[in-house]
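Chemist: Before we start, here is the structure in question, set down as C-alpha cells.
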4 protein chains.
Amino acid sequence: MLSFENDYSCGAAPDIIARLAATNTDQFPGYGSDQLTAQAKDKIREACGAPDADVWFLVGGTQTNQTVIDSITPQYAGVVAAASGHVNVHEAGAIEATGHKVLTLPQHNGKIDADELDQYCATFYADANYEHMVFPGSVYISQATEYGTLYTKAELERIAEIAHRYDMPLFVDGARLGYALTATGNDVTLADLARIADVFYIGGTKVGALFGEAVVFTHHGKFSGTPKHFLTLIKQHGALLAKGWLLGLQFDTLFTDDLYCRIARNANAAADRIRAALRDKGYTLTFDAPTNQIFITLDDATRKRLEQHVRLGFMEQADETHTVMRICTSWSTTEAQVEELLALL
Amino acid sequence: MLSFENDYSCGAAPDIIARLAATNTDQFPGYGSDQLTAQAKDKIREACGAPDADVWFLVGGTQTNQTVIDSITPQYAGVVAAASGHVNVHEAGAIEATGHKVLTLPQHNGKIDADELDQYCATFYADANYEHMVFPGSVYISQATEYGTLYTKAELERIAEIAHRYDMPLFVDGARLGYALTATGNDVTLADLARIADVFYIGGTKVGALFGEAVVFTHHGKFSGTPKHFLTLIKQHGALLAKGWLLGLQFDTLFTDDLYCRIARNANAAADRIRAALRDKGYTLTFDAPTNQIFITLDDATRKRLEQHVRLGFMEQADETHTVMRICTSWSTTEAQVEELLALL
Amino acid sequence: MLSFENDYSCGAAPDIIARLAATNTDQFPGYGSDQLTAQAKDKIREACGAPDADVWFLVGGTQTNQTVIDSITPQYAGVVAAASGHVNVHEAGAIEATGHKVLTLPQHNGKIDADELDQYCATFYADANYEHMVFPGSVYISQATEYGTLYTKAELERIAEIAHRYDMPLFVDGARLGYALTATGNDVTLADLARIADVFYIGGTKVGALFGEAVVFTHHGKFSGTPKHFLTLIKQHGALLAKGWLLGLQFDTLFTDDLYCRIARNANAAADRIRAALRDKGYTLTFDAPTNQIFITLDDATRKRLEQHVRLGFMEQADETHTVMRICTSWSTTEAQVEELLALL
Amino acid sequence: MLSFENDYSCGAAPDIIARLAATNTDQFPGYGSDQLTAQAKDKIREACGAPDADVWFLVGGTQTNQTVIDSITPQYAGVVAAASGHVNVHEAGAIEATGHKVLTLPQHNGKIDADELDQYCATFYADANYEHMVFPGSVYISQATEYGTLYTKAELERIAEIAHRYDMPLFVDGARLGYALTATGNDVTLADLARIADVFYIGGTKVGALFGEAVVFTHHGKFSGTPKHFLTLIKQHGALLAKGWLLGLQFDTLFTDDLYCRIARNANAAADRIRAALRDKGYTLTFDAPTNQIFITLDDATRKRLEQHVRLGFMEQADETHTVMRICTSWSTTEAQVEELLALL
C-alpha cells in the first residue's frame with residue numbers, strides 16, 4: 001500500500017548501500033577511530049564553514065537528544081523546550097531519565113519565542129525562591145520543528161542571544177535538518193547554524209541514512225566546546241556504536257557532492273506539489289510549513305476514504321469528527337508515489 | 001520583627017521539647033526500630049482508623065515526595081500533578097532527579113480536576129504513539145494545596161476512582177494536613193483520607209514538629225502496600241534518620257490527646273480572624289481558601305508600608321504595580337501577633 | 001595491515017548486505033512493527049525451542065546490558081557480576097548511570113562460581129544490617145565470557161538455581177553467543193539457554209551483523225516475562241531504532257538456514273588452528289578457552305616483532321616486560337588471513 | 001539494658017537541648033538563612049583556621065555523602081573508596097542511585113594506601129581502553145575509618161597529592177571526626193584537614209548533636225570551591241532542612257568553648273579504659289584503633305554471656321564459632337556504664 005506515513009520508512013541513499021557492499025570485507029578499527037569517520041567529520045566541518053567544530057556520530061535521535069542534553073545541562077538545571085518539542089512529548093521521558101526536567105515554553109507553530117524565553121528567565125531569576133526551583137540550564141529547539149516549520153536566521157540569532165544572556169547553551173535538534181536547509185524560503189544555512197548554535201545535529205535517519213545523527217559542537221563563545229570526555233559520556237548513555245565506521249561511511253557519502261541537500265530537496269519538492277494540490281482541492285492545512293511534513297485536518301469520511309489507499313501519520317484528534325493527519329514525504333519519495341497520492345485526494 | 005512569612009519559623013509544640021529533654025540520656029536503638037516509633041505508628045493507625053496501614057517517618061517534605069513518588073511510580077512512567085504542585089514548581093527538580101517526569105494538569109484554585117485527569121489519561125491511551133510517551137503512572141495532589149485550598153471528600157473520591165481506573169496510585173502530600181483537617185468547611189477526615197488515598201503523609205514540619213513527615217501506606221485495593229524493601233529505598237534516597245526515635249517521639253506526642261489537630265486549629269482560627277479583617281478593610285484575597293495561608297494582592301505602596309513592620313511571604317508579581325503576597329499563620333501564632341498584624345492592616 | 005584485533009572489524013554476512021540492497025526502496029513501518037521483524041522473532045523462538053519467548057532487538061551490547069539490567073533489577077538492588085564482567089569493567093559506568101550498583105564476585109577464568117554466589121547471598125541476608133546495603137537483585141554472566149571461556153550446562157543450571165533461590169533473574173550476555181554455541185566441547189545449546197536463563201541476548205554485532213542484539217525473555221518460572229511496557233523502557237534508554245526492520249532483516253537472515261552458527265563456526269575453526277600453532281611454537285596461552293578469543297602473554301620483543309605486521313588487541317600489562325595480548329578471529333576471518341598470521345608466529 | 005551498640009543512641013549535648021527550649025518560640029527565616037546558622041558557620045571557619053571556607057549543614061551522613069559526591073564527581077566518573085568504605089558497603093546504593101560507580105581500593109585497617117591509589121590511576125590511564133571505563137573522578141576516605149582507625153597527617157597529605165595529580169578532589173567523611181581529632185596519637189588537626197582536603201564534613205549525629213553534618217568546602221587549589229548552586233543541589237537531593245536554624249543552633253553550640261572536642265574526648269577516654277581492660281583479660285582486639293569503636297572477636301559462649309547483659313554491635317561472622325562484635329562508646333557514655341561493662345568482661 002502507498003505510504004506517506006513518515007520519513008524513515010526506506011533504507012538509505014543508494015550510494016550508501018553500494019559503499020556498504022564495497023567495503024564489507026575491509027577491516028576497520030572500532031568506535032569511530034577509523035579513517036572514514038575522520039574524513040566524514042572533515043567534510044561536515046567544511047560544509048559548516050567551521051574548521052574548529054567537533055563532530056560526533058550517534059545512532060538515533062532520542063539517544064542524541066538524551067546524550068547531548070544530559071552532557072551540556074548543569075546538574076542543578078533543566079532544559080527549556082517548546083511544549084510541543086520532541087524531547088517533551090515523544091521520547092518516553094528519556095531526558096528526565098537522566099535527571100533533568102524539561103521546562104516548557106508555549107509553542108507558536110512549533111517554535112518558541114525569544115521574548116517569551118527572555119521573560120521566562122527574567123521571571124525565574126526575579127523569584128525570591130529561585131534556588132528552590134529548576135534553573136533554565138540549556139535551550140532545545142528543532143529545525144525543522146515538530147510541525148515542519150522553520151526558524152528564520154533572525155529568530156535563531158535572537159534565541160541564541162537570550163540563551164547566552166542567561167548562561168545557557170543553545171542546542172538545535174536537526175533530525176530533519178536537510179529538509180529545513182533546502183526548504184523554499186529558508187534563510188538559515190549550515191554555516192549560519194554553526195555560527196549561531198552551540199551544538200546541533202545533522203539528522204541522517206530521516207534524510208538518506210540507514211541511521212545516524214552527526215552532532216556538531218561549534219566551539220564558539222563561552223559555551224564552546226565539547227563536554228569533557230564526551231566519548232565516555234556517549235558510551236555511558238549506551239550510545240557508542242561498535243562499528244563506528246558505518247556512521248562515518250554514511251555521513252561521508254551524504255556530504256560528498258552535496259548529496260544530503262540534493263536528496264532533501266526531493267522531499268520538499270514532493271511536499272510542495274502535494275501542498276499545492278491540497279490547497280486547490282480545499283483541504284485545511286493545519287500549519288503553514290514549507291518542509292516535508294504536511295498536516296491536514298480531515299473529517300472522518302475523508303480520512304476513512306484516504307486510508308483505504310494510503311498510510312498517513314496520525315497526529316491528534318481535532319474534535320469528535322475531525323483528525324489532524326500527517327502526510328510526510330522524504331528523500332525517497334518517488335514521482336509515481338506523488339502522482340498516486342494526488343489522484344486520491 | 002513581626003513575621004507571618006511561613007509556617008515553619010518556630011520550633012515545636014512545647015510538649016515535644018519537654019520530651020526531648022526528658023529522654024535525652026535514654027538509649028534508643030537506631031533507624032526507627034525503637035518502641036517510641038512503634039507506639040507513634042500505632043497511634044497514627046488508630047487516628048486513621050486503619051489498623052493495617054503501614055507508617056514510616058521521614059525528615060522533610062521534598063525528601064518525602066521524592067522517595068514516595070520514585071517508589072510508587074513505574075520506571076516507564078511519570079507522576080501527574082497540578083501545574084502549581086509543589087513537586088512541579090518548588091522542589092529543585094527532585095522528582096526528575098530520580099528519573100520521573102512530572103506530567104501537569106491545569107490547576108483550579110491549586111487543585112486538579114478529576115474530569116481533566118480522566119480526559120488526560122483517555123487522550124494519552126488513545127494516542128497511537130503512546131508507547132513513545134511518558135505514561136501517567138501515579139497521581140500527586142496536596143491537601144491543603146499550595147494555595148491553601150481544600151479538596152472535598154467527593155472530589156478526592158472521584159480523583160481516586162479515575163486514578164485507579166488508569167492503574168495509578170493516588171498520593172496525597174499532607175505537608176499542611178493538620179490545617180486541612182481542622183479548617184472550617186472541611187469534610188475530609190483522616191479516616192476518609194486513609195480510605196481514599198493509597199499513600200499520603202501527615203506533615204509535622206509545618207504542624208508542630210521540629211521536622212518530620214509521617215508516610216501512611218493504606219493497604220487497600222490493588223495499589224495497596226508499601227513498596228518492597230521501603231526501608232532500603234528510604235536509605236538509598238538519603239532519607240533515613242539515624243536517631244529515628246526523634247521522629248517517633250514527635251509524632252507520638254502530636255498524636256496524643258489530639259495535639260496535632262488542636263494546634264492546627266489555632267492556625268486556622270488566627271487565619272480566619274485575619275481574613276475577616278482583610279475583607280473588612282477591602283483587601284483583595286487572591287484565593288478563597290479556609291486554611292492557614294492567605295494570599296492577597298497588594299499594590300506597591302501598601303506592600304512597602306506593611307513590610308516595614310511585618311515579614312510576609314512573596315508569591316508572585318501580579319503586574320507592574322501589584323504583588324501577590326502570603327500571610328501565613330501556624331500552630332505557633334499567638335493572639336498578640338494577630339493583634340499586632342490587624343493593627344497594621 | 002593484517003588485523004586480528006577484534007571481532008567487529010568487518011561489515012556483515014554478505015546475505016545481509018544483499019538483502020539490504022534488495023529491500024532498500026521498500027517501505028516499512030517503524031520501530032520494529034514490521035513483518036520482517038516479526039518473522040525474525042519467530043525464527044529465533046524456533047531456534048530456541050521456546051515458542052512463548054518474547055524477542056526484542058536492540059542496537060548494541062552496552063545499550064542492551066544497560067536497558068535489560070535496569071529493567072529487571074529491583075530499584076533497591078544491584079546486579080551481581082564477575083569482577084571481570086563487561087558491565088563492571090568496560091561500559092563506562094552505564095549500569096550505575098541507571099542507578100544500580102554492580103556487585104562483584106571473583107572471576108575464575110572469567111566465570112562466577114555458583115557456590116560463591118550462594119555464599120555471597122547467604123552472607124548478605126545473614127547480615128543484621130542488610131537492609132542498609134545493596135540487595136543482590138539480578139545475576140549477570142556472559143557466554144562466552146570476557147576471556148573466551150564457557151560455562152557448562154551444569155554450571156549454568158546451578159547458577160540459575162542459586163539465583164532463583166534468592167529471587168534473582170539470571171541474565172546472560174551473549175554478545176559472542178555464536179562463538180560459544182559452536183565451540184569445541186560446548187554442551188549448552190540455544191534451547192538449553194532458553195530453558196535455564198530468564199533473559200539472554202544473541203549477539204549480532206560480533207557475529208555477522210552490522211549491528212544488533214536479540215534479547216530473549218524466556219517466560220519461565222517466577223522471573224518469567226518481559227518487563228511491563230518494555231518498548232517504552234527501550235525508548236527511554238535511547239535504544240529504540242527508528243528503522244527497526246534493519247534489525248529484523250539481519251536476524252531473519254542470520255537465523256535462516258542456521259547462518260548464525262555456520263559463520264560462528266568459521267571463527268572457532270580459525271581460532272583452533274591458531275591455538276594449535278601457538279602451542280606448537282611454545283607460546284603461553286593465558287586462558288584455556290575454546291572460542292574465538294585467544295589471549296597470549298608476550299615478551300616485549302615478540303610483541304614488537306608481531307605488531308609490525310599484525311594488529312592485535314591489548315589486554316593488560318602482565319609485568320614489566322610482558323603483555324597479555326588478544327588474537328581475535330571472527331565470522332569474517334579468511335583462510336588467507338590465518339595463514340598469514342601463522343607465518344608470523 | 002546496658003548498651004554499647006553504637007554512638008547514636010542518645011539525644012544531644014545538654015546545652016543543645018537547653019537552647020532548643022530557649023529559642024523554641026523565636027521566629028527564624030527558613031532553609032539556613034538565619035543568623036544562628038551564619039554564626040555557626042563563622043565558628044567552624046575559625047575552628048578550621050580557614051576564613052574562606054564555605055560551610056553547609058545537612059541532616060545525615062548518607063545524605064551528605066550522596067549529595068557531596070554527586071556534586072563534586074564529574075558525570076563521566078566514579079568515586080574511589082576503600083572496599084570497606086561506608087559509601088561502598090552500608091549506604092544502600094545511595095551513591096550509585098545518583099549515577100556514579102564506587103571504585104574500590106583494598107582497605108588496610110580501614111584505610112586506603114596512597115601508593116595503591118597512585119597505581120590504580122596510573123594503570124587506569126595506561127589502559128588503551130580507558131575511555132570505555134569509569135574514570136576515577138574523586139576520592140572518598142573517612143576519618144576515623146569504619147574500623148575506628150586514623151590516617152596520619154603524612155598519609156592524608158600523600159593521598160591528597162596523588163588525588164590532585166589525577167585531577168580528583170579529596171573528600172573526607174567525618175561522621176566520627178570528633179573522635180578522630182581527640183584520639184590519643186592523632187596528629188591531624190581540624191586546620192590540617194581544612195588545608196589538606198578539598199571538602200570534608202564534621203559529623204554531628206554521632207558527636208553530640210540530635211542530627212546534622214557540617215560540610216566544609218575549603219577553597220584551595222584547583223579543586224577549590226563549592227559546586228555551583230549547591231543549595232539547589234542540596235534541595236534536589238532531598239537534603240535541605242526547612243528549619244535550617246536547628247542545624248545552626250546545634251553546631252553553634254558544639255563549636256562554642258570547644259564543646260565538640262570536649263565531649264568527643266569523653267568517648268575516647270571511655271574506650272581507652274575498655275580497651276585496656278579487654279587486653280588485660282586476654283580478649284582479641286580485631287583492629288589497633290585509638291577511637292571510640294572497639295572491635296573484638298568473641299567465641300560464641302562469651303558472646304552469649306555478654307549479650308545477656310549488654311547490647312553490642314554486630315560486625316561479621318569470623319568463622320563458625322566466632323563473631324566480630326563492636327563495643328562503641330560515645331560523647332554520652334557515663335562512667336557508671338563503663339564500670340558496669342568492665343564488670344561483665
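In the C-alpha cells, the first chain shown is A, the next is B, and so on; residue numbers restart at 1 for each chain, and ligands run from 1 in the order shown.
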Mind dumping a table of every chain A residue within 8 Å of chain D, with the nearest atom pair and its distance in Å to one decimal, using only C-alpha atoms, sorted by chain and rising number, as JSON lines?
Modeler:
{"residue": "A:Gln75", "atom": "CA", "partner": "D:Leu233", "partner_atom": "CA", "distance": 7.7}
{"residue": "A:Tyr76", "atom": "CA", "partner": "D:Leu233", "partner_atom": "CA", "distance": 5.7}
{"residue": "A:Glu131", "atom": "CA", "partner": "D:Thr232", "partner_atom": "CA", "distance": 5.3}
{"residue": "A:His132", "atom": "CA", "partner": "D:Thr232", "partner_atom": "CA", "distance": 5.9}
{"residue": "A:Met133", "atom": "CA", "partner": "D:Thr232", "partner_atom": "CA", "distance": 7.5}
{"residue": "A:His229", "atom": "CA", "partner": "D:Tyr76", "partner_atom": "CA", "distance": 7.1}
{"residue": "A:Leu231", "atom": "CA", "partner": "D:Glu131", "partner_atom": "CA", "distance": 6.8}
{"residue": "A:Thr232", "atom": "CA", "partner": "D:Glu131", "partner_atom": "CA", "distance": 5.3}
{"residue": "A:Leu233", "atom": "CA", "partner": "D:Tyr76", "partner_atom": "CA", "distance": 5.7}
{"residue": "A:Lys235", "atom": "CA", "partner": "D:His132", "partner_atom": "CA", "distance": 6.7}
{"residue": "A:Gln236", "atom": "CA", "partner": "D:Tyr76", "partner_atom": "CA", "distance": 7.4}
Chemist: Go ahead and write the residues just picked, N, CA and C atoms, as a compact mmCIF listing (two decimals), in the first residue's frame.
Modeler:
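Done, and the output landed in out-v2.txt:
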# COMPACT_ATOMS: atom_id res chain seq x y z
N GLN A 75 23.91 20.10 36.35
CA GLN A 75 23.23 19.13 37.21
C GLN A 75 22.02 19.72 37.92
N TYR A 76 22.09 21.00 38.27
CA TYR A 76 21.01 21.65 39.01
C TYR A 76 19.95 22.22 38.10
N GLU A 131 16.25 29.58 43.95
CA GLU A 131 17.19 28.49 44.24
C GLU A 131 16.48 27.20 44.63
N HIS A 132 15.17 27.29 44.88
CA HIS A 132 14.38 26.09 45.19
C HIS A 132 13.69 25.54 43.95
N MET A 133 13.99 26.13 42.83
CA MET A 133 13.32 25.74 41.60
C MET A 133 14.34 25.16 40.60
N HIS A 229 35.49 14.47 28.00
CA HIS A 229 35.34 13.03 27.87
C HIS A 229 33.98 12.65 27.28
N LEU A 231 33.32 11.03 24.60
CA LEU A 231 33.24 9.64 24.16
C LEU A 231 32.75 8.75 25.30
N THR A 232 33.29 8.99 26.48
CA THR A 232 32.87 8.21 27.65
C THR A 232 31.39 8.48 27.98
N LEU A 233 31.00 9.73 27.85
CA LEU A 233 29.59 10.06 28.10
C LEU A 233 28.68 9.36 27.09
N LYS A 235 29.31 6.54 25.58
CA LYS A 235 29.30 5.12 25.97
C LYS A 235 28.41 4.91 27.19
N GLN A 236 28.54 5.80 28.17
CA GLN A 236 27.76 5.67 29.40
C GLN A 236 26.26 5.74 29.11
Chemist: For B:Gly178, please output as a VMD selection string all residues within 9 Å (counting only C-alpha atoms; exclusion window: fewer than 4 positions along the same chain).
Modeler: chain B and resid 144 174 182 to 183 202 to 204 206 to 207 260 to 265
Chemist: What's around B:Lys243 at 9 Å? Count only C-alpha atoms, leave out sequence neighbours fewer than 2 positions away in its own chain, and write the answer as a PyMOL selection string.
Modeler: (chain B and resi 28-32+240-241+245-247) or (chain D and resi 8-11+205+210-211)
Chemist: For atom CA of B:Ala343 and atom CA of B:Asn266, quote the distance in Å rounded to one decimal.
Modeler: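 Value for the atom CA of B:Ala343-atom CA of B:Asn266 distance: 19.6 Å.
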